[in-house]
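What follows is a single structure, written as structure tokens, with notes after it.
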Amino acid sequence: MNFGFTEEQSLLRDQVERFIKEACPMPKVREIAASESRFDSELWQQIADLGWLGLTIPEAHGGLGLKWIDLTVVLEAAAEGLCPLPIASQALASAAVLTCGNDKQKTEWLPAMAAGSAICTIGLYDEANWIDAKAVTAEAHASDDGYVLKGTKPFVNDAAAADYLLLAVNAPNGLALAAVAKDNVKITHQPTMDTTKPMASVDLEGVKIGADYLLPMSEDQLAFLTDCGAVATTAEMVGAGAAILQMTSNYAKERIQFGKPIGQYQGVKHRLADMYVDLESYRSLSYYAAWSVDDDIDGLAKAVSLAKGYASDAFAQIGIDGVGLHGAIGFTAEYDAQLYLKRSKWARPMYGDSDYHMDRIATLGGL
């Protein structure tokens, strides 16, 4: 059995890394993150033309028909450069339509999502630290010509950049995803530590949608989409973790202290070694979780919790050590190391922190 990436996947990784370095280097990332929209439509169309947005969308609906392990390649490589585009949000919205949508919705929506002409995101829970079907408190009430929504969805990733939002609600017949246009809701930007991952609160009070814009969703489907979110987040943690490790390693070779590079001192070597071991550990778990999405659905929950549970704490420590080993310069806003530490703070609670996932592993193991 071959556990390595295929030649096509390796070529895809090279393409993404080259594009990020040339079209979205760190000065461009900072420029987009500091802009009012926090989005770049030209770059977005370029990655759509490269096919990244349709990787997991079936060919019948305008995509490439590949698997989540292929998507992981893109997410990881893009995160190395902290690419601020909503690639993960678009992928999760695609997964939501494929999971919960009917044939008409798939036929009408997925081609536009694959082409990048429709930017979409997803918002599941209404409590920042509670992952459970009961944490969906927004509501959809039946009306004569569709549904009237009620409630607020906090901390929705990339809400301001999206054209459409798929938001979990309690409908008359159970859980559902309400598809709403950005222009029909009130979006309030929420300041976060990581400006490359913009979030917003979405006010649904009194918003009306047609019957065709409600996608019924079971609790199992909600759990599946949550696991997909954790897989995507962990893949980005792998890429960002690898970047800060490489940056810190290079700095340790160049920074001279007491007549020799600081990388020659044991205290620095040991911390770099710990960073490497942690990164490679959750990298392997991340790949297995991504493979499980398509090829081992019964083992997905455990695989996801192993990956995200480990990565949540390990990546945060990698970020702390990366900044610390740079010394005072690592804490300055002008230096890039602190941006990766901020990414680790964003990623840690997304789709479950280490406590949530370790508890779930214990539960799945019968404890």
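Ordering of the structure tokens sets the chain letters (A, B, ...), residue numbers begin anew at 1 in every chain, and ligands are numbered from 1 in the order given.
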**Item:** Shell around A:Ala48 at 10 Å using only C-alpha atoms, local window under 2 positions removed, as a list in words
**Value:** Glu42, Leu43, Trp44, Gln45, Gln46, Leu50, Gly51, Trp52, Leu53, Gly54, Ile87, Met113, Ala114, Ala115, Gly116 and Ser117 of chain A
**Request:** For A:Pro58, please output as a PyMOL selection string all residues within 12 Å (counting only C-alpha atoms; exclusion window: fewer than 5 positions along the same chain).
**Result:** chain A and resi 53+63-67+94-95+97-98+106-107+110-111+113-114
Take the residues from that selection and write them out as a PDB file, in the first residue's frame, keeping C-alpha atoms.
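Once everything was written out, this is again-v4.pdb:
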ATOM      1  CA  LEU A  53     -12.568  25.802  -5.925  1.00  0.00           C
ATOM      2  CA  GLY A  63     -15.954  20.483 -10.711  1.00  0.00           C
ATOM      3  CA  LEU A  64     -13.006  18.101 -10.929  1.00  0.00           C
ATOM      4  CA  GLY A  65     -14.518  15.228  -8.955  1.00  0.00           C
ATOM      5  CA  LEU A  66     -11.485  14.694  -6.718  1.00  0.00           C
ATOM      6  CA  LYS A  67     -11.328  13.840  -3.020  1.00  0.00           C
ATOM      7  CA  SER A  94     -19.725  22.916  -1.380  1.00  0.00           C
ATOM      8  CA  ALA A  95     -19.684  19.955   0.998  1.00  0.00           C
ATOM      9  CA  VAL A  97     -24.715  21.472  -0.699  1.00  0.00           C
ATOM     10  CA  LEU A  98     -23.490  18.021  -1.732  1.00  0.00           C
ATOM     11  CA  LYS A 106     -26.854  20.960  -6.701  1.00  0.00           C
ATOM     12  CA  THR A 107     -27.409  21.572 -10.407  1.00  0.00           C
ATOM     13  CA  LEU A 110     -22.473  23.984  -7.558  1.00  0.00           C
ATOM     14  CA  PRO A 111     -21.305  25.070 -11.055  1.00  0.00           C
ATOM     15  CA  MET A 113     -19.330  27.749  -6.794  1.00  0.00           C
ATOM     16  CA  ALA A 114     -16.783  25.750  -8.793  1.00  0.00           C
TER      17      ALA A 114
END
**Request:** Write down as a PyMOL selection string the residues belonging to stretch 118-355 of chain A that are assigned helix (DSSP H, G or I) by DSSP computed on the backbone.
**Result:** chain A and resi 133-135+182-184+211-213+219-254+262-264+266-295+297-325+327-331+337-347+354-355
**Which residue of A:Ala242, A:Ile131, A:Val148, A:Leu325 approaches A:Ile262 most closely, using only C-alpha atoms** = A:Leu325
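Take atom CA of A:Thr363 and atom CA of A:Leu71: the distance between them is 28.9 Å.
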**Request:** Kindly give the distance, in Å, that separates atom CA of A:Ile361 and atom CA of A:Lys302, rounded to a single decimal.
**Result:**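 Going from atom CA of A:Ile361 over to atom CA of A:Lys302 covers 6.0 Å.
Nearest residue to A:Thr226, choosing from A:Lys308, A:His326, A:Lys197, A:Arg30 and counting only C-alpha atoms: A:Lys308.
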**Message:** Which residues are near A:Glu254? Cut-off 12 Å, only C-alpha atoms, ignore same chain within fewer than 6 positions. Put them as a list of chain:residue names.
**Reply:**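 My reading of the contact set: A:Met247, A:Thr248, A:Lys260, A:Pro261, A:Ile262, A:Gly263, A:Gln264, A:His326.
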**Request:** Write out as a list in words which residues come within 12 Å of A:His141 when counting only C-alpha atoms, dropping same-chain ones fewer than 5 positions away.
**Result:**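 Once the nearby chain positions are removed, what remains is Gly146, Tyr147, Val148, Leu149, Lys150, Gly151, Val169, Asn170, Ala171, Pro172, Asn173, Gly174, Leu175, Ala176, Ala178, Leu204, Glu205, Gly206, Val207, Lys208, Ile209, Gly210, Ala211 and Leu214 of chain A.
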**Message:** List the spatial neighbours of A:Ser249 as a ChimeraX atom specification - criterion: any atom at most 12 Å away, only C-alpha atoms, same-chain residues fewer than 3 positions off excluded.
**Reply:** /A:242-246,252-255,261-264,268-273,275-276,321-323,325-326,337
